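One file, model_6.cif, is given below (mmCIF, C-alpha atoms).
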```
data_run
#
loop_
_atom_site.group_PDB
_atom_site.id
_atom_site.type_symbol
_atom_site.label_atom_id
_atom_site.label_comp_id
_atom_site.auth_asym_id
_atom_site.auth_seq_id
_atom_site.Cartn_x
_atom_site.Cartn_y
_atom_site.Cartn_z
ATOM 1 C CA MET A 1 -15.779 74.011 -45.010
ATOM 2 C CA SER A 2 -16.547 77.406 -43.492
ATOM 3 C CA GLU A 3 -14.356 78.683 -40.700
ATOM 4 C CA VAL A 4 -15.035 76.839 -37.458
ATOM 5 C CA ASP A 5 -15.891 78.767 -34.300
ATOM 6 C CA TYR A 6 -13.954 77.017 -31.550
ATOM 7 C CA ASN A 7 -15.374 79.295 -28.885
ATOM 8 C CA SER A 8 -18.829 77.780 -29.168
ATOM 9 C CA GLY A 9 -20.702 74.803 -30.522
ATOM 10 C CA GLY A 10 -22.263 74.438 -33.944
ATOM 11 C CA GLU A 11 -24.264 71.936 -35.943
ATOM 12 C CA PRO A 12 -21.241 69.957 -37.270
ATOM 13 C CA LEU A 13 -19.980 69.624 -33.701
ATOM 14 C CA TYR A 14 -23.316 68.633 -32.200
ATOM 15 C CA ASP A 15 -24.042 66.167 -34.996
ATOM 16 C CA ALA A 16 -20.653 64.499 -34.488
ATOM 17 C CA VAL A 17 -21.178 64.274 -30.726
ATOM 18 C CA THR A 18 -24.642 62.762 -31.121
ATOM 19 C CA THR A 19 -23.499 60.067 -33.521
ATOM 20 C CA GLY A 20 -20.396 59.500 -31.399
ATOM 21 C CA ARG A 21 -22.428 58.743 -28.286
ATOM 22 C CA LEU A 22 -24.611 56.358 -30.264
ATOM 23 C CA ARG A 23 -21.506 54.680 -31.686
ATOM 24 C CA ILE A 24 -20.104 54.110 -28.210
ATOM 25 C CA ALA A 25 -23.437 52.791 -26.975
ATOM 26 C CA ASN A 26 -23.487 50.294 -29.845
ATOM 27 C CA LEU A 27 -19.886 49.247 -29.213
ATOM 28 C CA VAL A 28 -20.182 48.627 -25.486
ATOM 29 C CA GLU A 29 -23.465 46.800 -26.012
ATOM 30 C CA SER A 30 -21.764 44.460 -28.499
ATOM 31 C CA LEU A 31 -18.814 43.505 -26.265
ATOM 32 C CA SER A 32 -18.611 40.103 -24.656
ATOM 33 C CA ASP A 33 -18.692 40.005 -20.849
ATOM 34 C CA GLU A 34 -14.934 39.394 -20.832
ATOM 35 C CA GLN A 35 -14.275 42.353 -23.128
ATOM 36 C CA TYR A 36 -16.612 44.562 -21.115
ATOM 37 C CA ARG A 37 -14.577 43.960 -17.958
ATOM 38 C CA SER A 38 -11.156 44.274 -19.589
ATOM 39 C CA PRO A 39 -8.693 47.176 -19.145
ATOM 40 C CA THR A 40 -8.894 50.286 -21.315
ATOM 41 C CA LEU A 41 -6.425 53.088 -21.969
ATOM 42 C CA CYS A 42 -8.065 54.962 -19.080
ATOM 43 C CA ALA A 43 -6.135 53.686 -16.078
ATOM 44 C CA GLY A 44 -8.322 51.739 -13.683
ATOM 45 C CA TRP A 45 -11.404 51.839 -15.897
ATOM 46 C CA THR A 46 -13.021 49.066 -17.889
ATOM 47 C CA PRO A 47 -15.353 49.778 -20.816
ATOM 48 C CA HIS A 48 -18.136 49.848 -18.228
ATOM 49 C CA GLU A 49 -16.611 52.809 -16.381
ATOM 50 C CA VAL A 50 -15.731 54.589 -19.634
ATOM 51 C CA ALA A 51 -19.314 54.294 -20.867
ATOM 52 C CA ALA A 52 -20.664 55.463 -17.507
ATOM 53 C CA HIS A 53 -18.240 58.415 -17.499
ATOM 54 C CA LEU A 54 -19.741 59.688 -20.745
ATOM 55 C CA LEU A 55 -23.039 60.185 -18.917
ATOM 56 C CA GLN A 56 -21.537 62.595 -16.398
ATOM 57 C CA PRO A 57 -22.235 65.887 -18.229
ATOM 58 C CA MET A 58 -25.872 64.956 -18.719
ATOM 59 C CA LEU A 59 -26.665 63.353 -15.357
ATOM 60 C CA VAL A 60 -24.400 65.068 -12.833
ATOM 61 C CA GLY A 61 -24.995 68.734 -12.085
ATOM 62 C CA ILE A 62 -22.324 71.288 -11.211
ATOM 63 C CA ALA A 63 -23.473 71.487 -7.584
ATOM 64 C CA ARG A 64 -23.109 67.744 -7.049
ATOM 65 C CA PHE A 65 -19.696 67.714 -8.704
ATOM 66 C CA VAL A 66 -18.474 70.538 -6.459
ATOM 67 C CA VAL A 67 -19.729 68.782 -3.336
ATOM 68 C CA VAL A 68 -17.842 65.615 -4.291
ATOM 69 C CA SER A 69 -14.720 67.634 -5.145
ATOM 70 C CA LEU A 70 -14.630 69.026 -1.606
ATOM 71 C CA ARG A 71 -14.203 65.478 -0.368
ATOM 72 C CA TYR A 72 -11.051 65.222 -2.486
ATOM 73 C CA ARG A 73 -9.733 68.727 -1.709
ATOM 74 C CA GLY A 74 -10.450 69.922 -5.236
ATOM 75 C CA ASP A 75 -8.595 67.082 -6.979
ATOM 76 C CA VAL A 76 -10.492 66.958 -10.281
ATOM 77 C CA ASP A 77 -9.164 63.567 -11.406
ATOM 78 C CA ARG A 78 -10.196 61.873 -8.169
ATOM 79 C CA THR A 79 -13.547 63.635 -8.262
ATOM 80 C CA VAL A 80 -14.210 62.467 -11.824
ATOM 81 C CA ASP A 81 -13.229 58.913 -10.856
ATOM 82 C CA HIS A 82 -15.601 58.971 -7.858
ATOM 83 C CA VAL A 83 -18.507 60.299 -9.924
ATOM 84 C CA THR A 84 -17.783 57.809 -12.706
ATOM 85 C CA ARG A 85 -17.779 54.839 -10.348
ATOM 86 C CA ASP A 86 -21.016 56.042 -8.829
ATOM 87 C CA LEU A 87 -22.605 56.197 -12.288
ATOM 88 C CA ALA A 88 -21.135 52.766 -13.056
ATOM 89 C CA ARG A 89 -23.305 51.211 -10.357
ATOM 90 C CA ARG A 90 -25.906 50.997 -13.102
ATOM 91 C CA PRO A 91 -25.972 47.766 -15.158
ATOM 92 C CA ARG A 92 -24.669 47.778 -18.706
ATOM 93 C CA ALA A 93 -28.134 47.787 -20.292
ATOM 94 C CA GLU A 94 -29.105 50.913 -18.366
ATOM 95 C CA VAL A 95 -25.846 52.717 -19.217
ATOM 96 C CA VAL A 96 -26.352 51.907 -22.907
ATOM 97 C CA ALA A 97 -29.976 53.036 -22.794
ATOM 98 C CA LEU A 98 -29.025 56.314 -21.106
ATOM 99 C CA LEU A 99 -26.306 57.000 -23.667
ATOM 100 C CA ARG A 100 -28.862 56.622 -26.415
ATOM 101 C CA GLU A 101 -31.491 58.641 -24.572
ATOM 102 C CA HIS A 102 -29.096 61.549 -24.024
ATOM 103 C CA ALA A 103 -27.156 61.232 -27.288
ATOM 104 C CA SER A 104 -28.406 64.546 -28.650
ATOM 105 C CA ASP A 105 -28.054 66.532 -25.412
ATOM 106 C CA ARG A 106 -26.063 69.729 -25.896
ATOM 107 C CA VAL A 107 -23.902 70.350 -22.857
ATOM 108 C CA SER A 108 -20.929 72.560 -22.039
ATOM 109 C CA PRO A 109 -19.107 71.173 -18.992
ATOM 110 C CA PRO A 110 -16.637 73.326 -17.034
ATOM 111 C CA ARG A 111 -12.980 73.030 -18.072
ATOM 112 C CA VAL A 112 -13.669 71.538 -21.526
ATOM 113 C CA GLY A 113 -16.831 73.200 -22.882
ATOM 114 C CA PRO A 114 -18.894 71.818 -25.788
ATOM 115 C CA TRP A 115 -15.818 70.820 -27.786
ATOM 116 C CA GLY A 116 -14.764 68.575 -24.950
ATOM 117 C CA GLN A 117 -17.736 66.390 -25.802
ATOM 118 C CA LEU A 118 -16.314 65.697 -29.256
ATOM 119 C CA ALA A 119 -13.007 64.784 -27.641
ATOM 120 C CA GLU A 120 -14.836 62.474 -25.248
ATOM 121 C CA VAL A 121 -16.714 60.503 -27.897
ATOM 122 C CA CYS A 122 -13.741 60.174 -30.271
ATOM 123 C CA LEU A 123 -11.000 59.481 -27.742
ATOM 124 C CA HIS A 124 -12.903 57.291 -25.305
ATOM 125 C CA LEU A 125 -14.213 55.155 -28.144
ATOM 126 C CA ARG A 126 -10.631 54.298 -28.991
ATOM 127 C CA ASP A 127 -9.641 54.050 -25.316
ATOM 128 C CA VAL A 128 -11.996 51.089 -25.280
ATOM 129 C CA ALA A 129 -11.426 49.664 -28.760
ATOM 130 C CA ARG A 130 -7.635 49.941 -29.101
ATOM 131 C CA PRO A 131 -6.686 47.533 -26.296
ATOM 132 C CA LEU A 132 -9.237 45.053 -27.633
ATOM 133 C CA GLY A 133 -7.724 45.230 -31.123
ATOM 134 C CA LEU A 134 -10.977 46.512 -32.608
ATOM 135 C CA ALA A 135 -10.968 48.660 -35.729
ATOM 136 C CA GLY A 136 -13.382 49.683 -38.447
ATOM 137 C CA PRO A 137 -16.420 51.987 -38.649
ATOM 138 C CA HIS A 138 -18.137 50.503 -35.579
ATOM 139 C CA SER A 139 -15.172 51.059 -33.262
ATOM 140 C CA ASP A 140 -13.549 54.196 -34.653
ATOM 141 C CA ALA A 141 -14.721 57.725 -35.364
ATOM 142 C CA PRO A 142 -14.985 58.908 -38.995
ATOM 143 C CA GLN A 143 -11.979 60.725 -40.425
ATOM 144 C CA ALA A 144 -14.045 63.895 -40.654
ATOM 145 C CA ASP A 145 -14.627 63.810 -36.889
ATOM 146 C CA TRP A 146 -10.929 63.327 -36.161
ATOM 147 C CA ALA A 147 -10.068 66.223 -38.478
ATOM 148 C CA LEU A 148 -12.652 68.426 -36.761
ATOM 149 C CA LEU A 149 -11.240 67.459 -33.374
ATOM 150 C CA LEU A 150 -7.617 68.050 -34.400
ATOM 151 C CA GLY A 151 -8.558 71.527 -35.564
ATOM 152 C CA TYR A 152 -9.805 72.256 -32.059
ATOM 153 C CA LEU A 153 -6.922 70.516 -30.259
ATOM 154 C CA THR A 154 -4.422 72.709 -32.125
ATOM 155 C CA SER A 155 -6.441 75.911 -31.770
ATOM 156 C CA PRO A 156 -5.474 78.756 -29.408
ATOM 157 C CA VAL A 157 -8.619 78.166 -27.351
ATOM 158 C CA VAL A 158 -8.163 74.431 -26.671
ATOM 159 C CA ALA A 159 -8.954 73.518 -23.073
ATOM 160 C CA PRO A 160 -5.725 72.952 -21.080
ATOM 161 C CA ALA A 161 -7.395 69.901 -19.565
ATOM 162 C CA LEU A 162 -7.194 68.295 -23.027
ATOM 163 C CA VAL A 163 -3.906 69.695 -24.364
ATOM 164 C CA PRO A 164 -1.701 71.431 -21.769
ATOM 165 C CA PRO A 165 0.110 74.597 -22.888
ATOM 166 C CA GLY A 166 3.366 73.844 -24.680
ATOM 167 C CA ARG A 167 2.682 70.202 -25.516
ATOM 168 C CA LEU A 168 2.390 70.835 -29.265
ATOM 169 C CA GLU A 169 4.671 73.873 -29.446
ATOM 170 C CA GLY A 170 7.054 73.541 -32.382
ATOM 171 C CA VAL A 171 5.456 70.267 -33.517
ATOM 172 C CA ARG A 172 3.835 69.918 -36.928
ATOM 173 C CA LEU A 173 1.107 67.277 -37.157
ATOM 174 C CA ILE A 174 0.657 65.738 -40.605
ATOM 175 C CA GLY A 175 -2.166 63.372 -41.523
ATOM 176 C CA PRO A 176 -2.126 60.616 -44.154
ATOM 177 C CA ALA A 177 -3.811 62.815 -46.783
ATOM 178 C CA GLY A 178 -1.406 65.695 -46.211
ATOM 179 C CA GLU A 179 -3.547 67.485 -43.621
ATOM 180 C CA VAL A 180 -1.393 69.834 -41.563
ATOM 181 C CA TRP A 181 -1.836 71.347 -38.121
ATOM 182 C CA GLU A 182 0.667 73.596 -36.372
ATOM 183 C CA SER A 183 4.253 74.108 -37.575
ATOM 184 C CA GLY A 184 7.702 72.855 -36.684
ATOM 185 C CA THR A 185 9.200 69.393 -36.353
ATOM 186 C CA GLU A 186 7.114 66.806 -38.182
ATOM 187 C CA VAL A 187 4.974 64.106 -36.628
ATOM 188 C CA ARG A 188 3.133 61.990 -39.218
ATOM 189 C CA GLY A 189 0.455 59.358 -38.844
ATOM 190 C CA PRO A 190 -3.243 58.479 -38.791
ATOM 191 C CA LEU A 191 -5.559 61.235 -37.576
ATOM 192 C CA GLU A 192 -6.694 59.034 -34.704
ATOM 193 C CA ALA A 193 -3.119 58.542 -33.472
ATOM 194 C CA LEU A 194 -2.292 62.245 -33.835
ATOM 195 C CA ALA A 195 -5.303 63.256 -31.741
ATOM 196 C CA MET A 196 -4.719 60.587 -29.134
ATOM 197 C CA ALA A 197 -1.059 61.488 -28.724
ATOM 198 C CA ALA A 198 -1.905 65.187 -28.562
ATOM 199 C CA THR A 199 -4.221 64.426 -25.645
ATOM 200 C CA GLY A 200 -1.669 62.332 -23.760
ATOM 201 C CA ARG A 201 -2.224 58.752 -24.935
ATOM 202 C CA ARG A 202 1.265 57.243 -25.164
ATOM 203 C CA ALA A 203 -0.160 54.085 -26.766
ATOM 204 C CA ALA A 204 -0.715 56.088 -29.960
ATOM 205 C CA LEU A 205 2.952 57.002 -30.346
ATOM 206 C CA GLU A 206 3.717 53.620 -31.906
ATOM 207 C CA ASP A 207 1.572 54.592 -34.908
ATOM 208 C CA LEU A 208 3.418 57.868 -35.497
ATOM 209 C CA ALA A 209 6.630 58.664 -37.360
ATOM 210 C CA GLY A 210 8.909 61.624 -37.887
ATOM 211 C CA PRO A 211 11.576 63.539 -35.983
ATOM 212 C CA GLY A 212 8.971 65.163 -33.768
ATOM 213 C CA VAL A 213 7.849 61.897 -32.181
ATOM 214 C CA PRO A 214 10.612 61.826 -29.513
ATOM 215 C CA VAL A 215 9.833 65.454 -28.712
ATOM 216 C CA LEU A 216 6.155 64.682 -28.214
ATOM 217 C CA ALA A 217 6.937 61.497 -26.298
ATOM 218 C CA ASP A 218 9.152 63.416 -23.892
ATOM 219 C CA ARG A 219 6.393 65.945 -23.260
ATOM 220 C CA LEU A 220 3.886 63.206 -22.477
ATOM 221 C CA GLY A 221 6.114 62.036 -19.641
ATOM 222 C CA PRO A 222 6.650 58.463 -18.383
ATOM 223 C CA GLU A 223 4.074 55.741 -18.867
#
```

Could you render the structure from this file as structure tokens?
Amino acid sequence: MSEVDYNSGGEPLYDAVTTGRLRIANLVESLSDEQYRSPTLCAGWTPHEVAAHLLQPMLVGIARFVVVSLRYRGDVDRTVDHVTRDLARRPRAEVVALLREHASDRVSPPRVGPWGQLAEVCLHLRDVARPLGLAGPHSDAPQADWALLLGYLTSPVVAPALVPPGRLEGVRLIGPAGEVWESGTEVRGPLEALAMAATGRRAALEDLAGPGVPVLADRLGPE
């Protein structure tokens, strides 16, 4: 593979994001009503809110986001939650249809840029599927997408909103096929678990091994 430009988008990135949005649309459409209203790894959100959240970059403009943020004194997390719940007023069928309609949209939101969209479709898919015990090609991103994402998450230009400075310092991530990112104390495991832990999902730590796991766990903070 040619060298990846993490400062901008590119066809491999956009293709992965498009198929990722379609994959999530298919997954949430297939869930039973009970599954669709069950907890996810995103605190306080069900699969319905997660799916609605993925529409934010395409349906919510910067001006509207800023106006809402003023209500919460600039608290981004609370602003995102407010906007997400507003989008989630739509029924499931409409959310699914909008995800498919906007699957190929190329957006670059503040704080995370175009690469944040790859993180969204890979990580949020598993935020929904992991607690439900779902695995396989319909509820997980391809290994190539996880590898592409890990390259970005360990790059010097990764958005702090995804991986805060210092979280991966001195930690060497090693995938099942010997893929290596960063250097230092080893953390080994599936690419999905490496990416999820790197972005703060403590639930993924149970799938990782190596002397670097306690280091990473400590940096993620309490549950």

Quick one: apply the PyMOL selection byres ((chain A and resi 200-215) around 10) to the file and drop the selected residues here as a PDB file with C-alpha atoms, in the coordinates of the input.
```pdb
ATOM      1  CA  LEU A  41      -6.425  53.088 -21.969  1.00  0.00           C
ATOM      2  CA  CYS A  42      -8.065  54.962 -19.080  1.00  0.00           C
ATOM      3  CA  LEU A 123     -11.000  59.481 -27.742  1.00  0.00           C
ATOM      4  CA  ASP A 127      -9.641  54.050 -25.316  1.00  0.00           C
ATOM      5  CA  ARG A 130      -7.635  49.941 -29.101  1.00  0.00           C
ATOM      6  CA  PRO A 131      -6.686  47.533 -26.296  1.00  0.00           C
ATOM      7  CA  LEU A 162      -7.194  68.295 -23.027  1.00  0.00           C
ATOM      8  CA  VAL A 163      -3.906  69.695 -24.364  1.00  0.00           C
ATOM      9  CA  PRO A 164      -1.701  71.431 -21.769  1.00  0.00           C
ATOM     10  CA  ARG A 167       2.682  70.202 -25.516  1.00  0.00           C
ATOM     11  CA  LEU A 168       2.390  70.835 -29.265  1.00  0.00           C
ATOM     12  CA  GLU A 169       4.671  73.873 -29.446  1.00  0.00           C
ATOM     13  CA  GLY A 170       7.054  73.541 -32.382  1.00  0.00           C
ATOM     14  CA  VAL A 171       5.456  70.267 -33.517  1.00  0.00           C
ATOM     15  CA  ARG A 172       3.835  69.918 -36.928  1.00  0.00           C
ATOM     16  CA  LEU A 173       1.107  67.277 -37.157  1.00  0.00           C
ATOM     17  CA  ILE A 174       0.657  65.738 -40.605  1.00  0.00           C
ATOM     18  CA  GLY A 175      -2.166  63.372 -41.523  1.00  0.00           C
ATOM     19  CA  GLY A 184       7.702  72.855 -36.684  1.00  0.00           C
ATOM     20  CA  THR A 185       9.200  69.393 -36.353  1.00  0.00           C
ATOM     21  CA  GLU A 186       7.114  66.806 -38.182  1.00  0.00           C
ATOM     22  CA  VAL A 187       4.974  64.106 -36.628  1.00  0.00           C
ATOM     23  CA  ARG A 188       3.133  61.990 -39.218  1.00  0.00           C
ATOM     24  CA  GLY A 189       0.455  59.358 -38.844  1.00  0.00           C
ATOM     25  CA  PRO A 190      -3.243  58.479 -38.791  1.00  0.00           C
ATOM     26  CA  LEU A 191      -5.559  61.235 -37.576  1.00  0.00           C
ATOM     27  CA  GLU A 192      -6.694  59.034 -34.704  1.00  0.00           C
ATOM     28  CA  ALA A 193      -3.119  58.542 -33.472  1.00  0.00           C
ATOM     29  CA  LEU A 194      -2.292  62.245 -33.835  1.00  0.00           C
ATOM     30  CA  ALA A 195      -5.303  63.256 -31.741  1.00  0.00           C
ATOM     31  CA  MET A 196      -4.719  60.587 -29.134  1.00  0.00           C
ATOM     32  CA  ALA A 197      -1.059  61.488 -28.724  1.00  0.00           C
ATOM     33  CA  ALA A 198      -1.905  65.187 -28.562  1.00  0.00           C
ATOM     34  CA  THR A 199      -4.221  64.426 -25.645  1.00  0.00           C
ATOM     35  CA  LEU A 216       6.155  64.682 -28.214  1.00  0.00           C
ATOM     36  CA  ALA A 217       6.937  61.497 -26.298  1.00  0.00           C
ATOM     37  CA  ASP A 218       9.152  63.416 -23.892  1.00  0.00           C
ATOM     38  CA  ARG A 219       6.393  65.945 -23.260  1.00  0.00           C
ATOM     39  CA  LEU A 220       3.886  63.206 -22.477  1.00  0.00           C
ATOM     40  CA  GLY A 221       6.114  62.036 -19.641  1.00  0.00           C
ATOM     41  CA  PRO A 222       6.650  58.463 -18.383  1.00  0.00           C
ATOM     42  CA  GLU A 223       4.074  55.741 -18.867  1.00  0.00           C
TER      43      GLU A 223
END
```

Using all atoms listed in the file, which residues sit within 12 Å of Glu11 (chain A) once same-chain residues fewer than 5 positions away are excluded, as a CSV table (one decimal) with C-alpha atoms, in the coordinates of the input?
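Contents of result.csv, freshly written:
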```csv
chain,number,residue,atom,x,y,z
A,4,VAL,CA,-15.0,76.8,-37.5
A,5,ASP,CA,-15.9,78.8,-34.3
A,16,ALA,CA,-20.7,64.5,-34.5
A,17,VAL,CA,-21.2,64.3,-30.7
A,18,THR,CA,-24.6,62.8,-31.1
A,104,SER,CA,-28.4,64.5,-28.6
A,106,ARG,CA,-26.1,69.7,-25.9
A,114,PRO,CA,-18.9,71.8,-25.8
A,115,TRP,CA,-15.8,70.8,-27.8
```

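Against this structure, the PyMOL selection byres ((chain A and resi 84) around 10) ends up with Trp45, His48, Glu49, Val50, Ala51, Ala52, His53, Leu54, Leu55, Gln56, Val60, Arg78, Thr79, Val80, Asp81, His82, Val83, Arg85, Asp86, Leu87, Ala88 and Arg89 of chain A.
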
Got a sec to resolve the PyMOL selection byres ((chain A and resi 132) around 9) on this structure and send the residues as a compact mmCIF listing (two decimals) with C-alpha atoms, in the frame of the given file?
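Output file result26.txt is given in full below:
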```txt
# COMPACT_ATOMS: atom_id res chain seq x y z
CA GLN A 35 -14.28 42.35 -23.13
CA SER A 38 -11.16 44.27 -19.59
CA PRO A 39 -8.69 47.18 -19.14
CA THR A 40 -8.89 50.29 -21.32
CA VAL A 128 -12.00 51.09 -25.28
CA ALA A 129 -11.43 49.66 -28.76
CA ARG A 130 -7.64 49.94 -29.10
CA PRO A 131 -6.69 47.53 -26.30
CA GLY A 133 -7.72 45.23 -31.12
CA LEU A 134 -10.98 46.51 -32.61
```

Exercise for the section: Identify which of the residues A:Trp181, A:His138, A:Gly20, A:Gly166 lies closest to Gly151 (chain A), counting only C-alpha atoms when measuring atom-to-atom distances. Expected result: A:Trp181

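For the atom pair formed by CA of Leu150 (chain A) and CA of His124 (chain A), the distance is 15.0 Å, given to one decimal.
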
Starting from the block above, write region 84-93 of chain A out to a file with all heavy atoms, as a JSON list (two decimals), in the first residue's frame, please.
```
[["chain", "number", "residue", "atom", "x", "y", "z"],
["A", 84, "THR", "N", -27.70, 14.50, 19.12],
["A", 84, "THR", "CA", -28.00, 13.10, 18.82],
["A", 84, "THR", "C", -29.43, 12.75, 19.19],
["A", 84, "THR", "O", -30.16, 12.12, 18.42],
["A", 84, "THR", "CB", -27.03, 12.18, 19.58],
["A", 84, "THR", "OG1", -25.71, 12.36, 19.06],
["A", 84, "THR", "CG2", -27.44, 10.72, 19.44],
["A", 85, "ARG", "N", -29.86, 13.17, 20.38],
["A", 85, "ARG", "CA", -31.22, 12.85, 20.82],
["A", 85, "ARG", "C", -32.26, 13.57, 19.98],
["A", 85, "ARG", "O", -33.38, 13.05, 19.78],
["A", 85, "ARG", "CB", -31.37, 13.16, 22.30],
["A", 85, "ARG", "CG", -30.51, 12.25, 23.18],
["A", 85, "ARG", "CD", -30.70, 12.45, 24.66],
["A", 85, "ARG", "NE", -29.75, 11.65, 25.41],
["A", 85, "ARG", "CZ", -29.88, 10.35, 25.65],
["A", 85, "ARG", "NH1", -30.95, 9.70, 25.20],
["A", 85, "ARG", "NH2", -28.95, 9.68, 26.33],
["A", 86, "ASP", "N", -31.91, 14.73, 19.47],
["A", 86, "ASP", "CA", -32.81, 15.43, 18.57],
["A", 86, "ASP", "C", -32.96, 14.64, 17.26],
["A", 86, "ASP", "O", -34.07, 14.46, 16.75],
["A", 86, "ASP", "CB", -32.29, 16.83, 18.30],
["A", 86, "ASP", "CG", -33.29, 17.69, 17.55],
["A", 86, "ASP", "OD1", -34.49, 17.65, 17.88],
["A", 86, "ASP", "OD2", -32.88, 18.38, 16.60],
["A", 87, "LEU", "N", -31.82, 14.17, 16.72],
["A", 87, "LEU", "CA", -31.87, 13.37, 15.50],
["A", 87, "LEU", "C", -32.61, 12.05, 15.74],
["A", 87, "LEU", "O", -33.25, 11.51, 14.83],
["A", 87, "LEU", "CB", -30.44, 13.08, 15.02],
["A", 87, "LEU", "CG", -29.65, 14.27, 14.47],
["A", 87, "LEU", "CD1", -28.17, 13.90, 14.32],
["A", 87, "LEU", "CD2", -30.22, 14.72, 13.13],
["A", 88, "ALA", "N", -32.51, 11.53, 16.96],
["A", 88, "ALA", "CA", -33.13, 10.24, 17.28],
["A", 88, "ALA", "C", -34.64, 10.33, 17.44],
["A", 88, "ALA", "O", -35.29, 9.32, 17.71],
["A", 88, "ALA", "CB", -32.50, 9.67, 18.56],
["A", 89, "ARG", "N", -35.20, 11.52, 17.28],
["A", 89, "ARG", "CA", -36.66, 11.63, 17.26],
["A", 89, "ARG", "C", -37.25, 10.95, 16.02],
["A", 89, "ARG", "O", -38.43, 10.61, 15.99],
["A", 89, "ARG", "CB", -37.09, 13.10, 17.28],
["A", 89, "ARG", "CG", -36.71, 13.86, 18.55],
["A", 89, "ARG", "CD", -37.08, 15.33, 18.43],
["A", 89, "ARG", "NE", -36.63, 16.09, 19.58],
["A", 89, "ARG", "CZ", -37.33, 16.24, 20.70],
["A", 89, "ARG", "NH1", -38.52, 15.68, 20.81],
["A", 89, "ARG", "NH2", -36.86, 16.96, 21.70],
["A", 90, "ARG", "N", -36.41, 10.76, 15.03],
["A", 90, "ARG", "CA", -36.85, 10.06, 13.82],
["A", 90, "ARG", "C", -37.04, 8.57, 14.12],
["A", 90, "ARG", "O", -36.30, 7.99, 14.91],
["A", 90, "ARG", "CB", -35.81, 10.22, 12.71],
["A", 90, "ARG", "CG", -35.65, 11.66, 12.20],
["A", 90, "ARG", "CD", -34.42, 11.75, 11.32],
["A", 90, "ARG", "NE", -34.37, 12.99, 10.55],
["A", 90, "ARG", "CZ", -33.95, 14.15, 11.02],
["A", 90, "ARG", "NH1", -33.53, 14.24, 12.28],
["A", 90, "ARG", "NH2", -33.94, 15.22, 10.26],
["A", 91, "PRO", "N", -37.98, 7.92, 13.46],
["A", 91, "PRO", "CA", -38.16, 6.47, 13.64],
["A", 91, "PRO", "C", -37.00, 5.70, 13.02],
["A", 91, "PRO", "O", -36.25, 6.22, 12.19],
["A", 91, "PRO", "CB", -39.47, 6.17, 12.92],
["A", 91, "PRO", "CG", -39.61, 7.27, 11.92],
["A", 91, "PRO", "CD", -39.00, 8.49, 12.56],
["A", 92, "ARG", "N", -36.86, 4.46, 13.44],
["A", 92, "ARG", "CA", -35.75, 3.63, 12.96],
["A", 92, "ARG", "C", -35.69, 3.58, 11.44],
["A", 92, "ARG", "O", -34.61, 3.74, 10.86],
["A", 92, "ARG", "CB", -35.86, 2.20, 13.50],
["A", 92, "ARG", "CG", -34.69, 1.38, 13.05],
["A", 92, "ARG", "CD", -34.70, -0.13, 13.24],
["A", 92, "ARG", "NE", -35.52, -0.74, 14.21],
["A", 92, "ARG", "CZ", -35.32, -1.98, 14.68],
["A", 92, "ARG", "NH1", -34.27, -2.68, 14.25],
["A", 92, "ARG", "NH2", -36.13, -2.52, 15.54],
["A", 93, "ALA", "N", -36.80, 3.36, 10.78],
["A", 93, "ALA", "CA", -36.80, 3.23, 9.31],
["A", 93, "ALA", "C", -36.24, 4.49, 8.65],
["A", 93, "ALA", "O", -35.51, 4.40, 7.65],
["A", 93, "ALA", "CB", -38.21, 2.95, 8.81]]
```
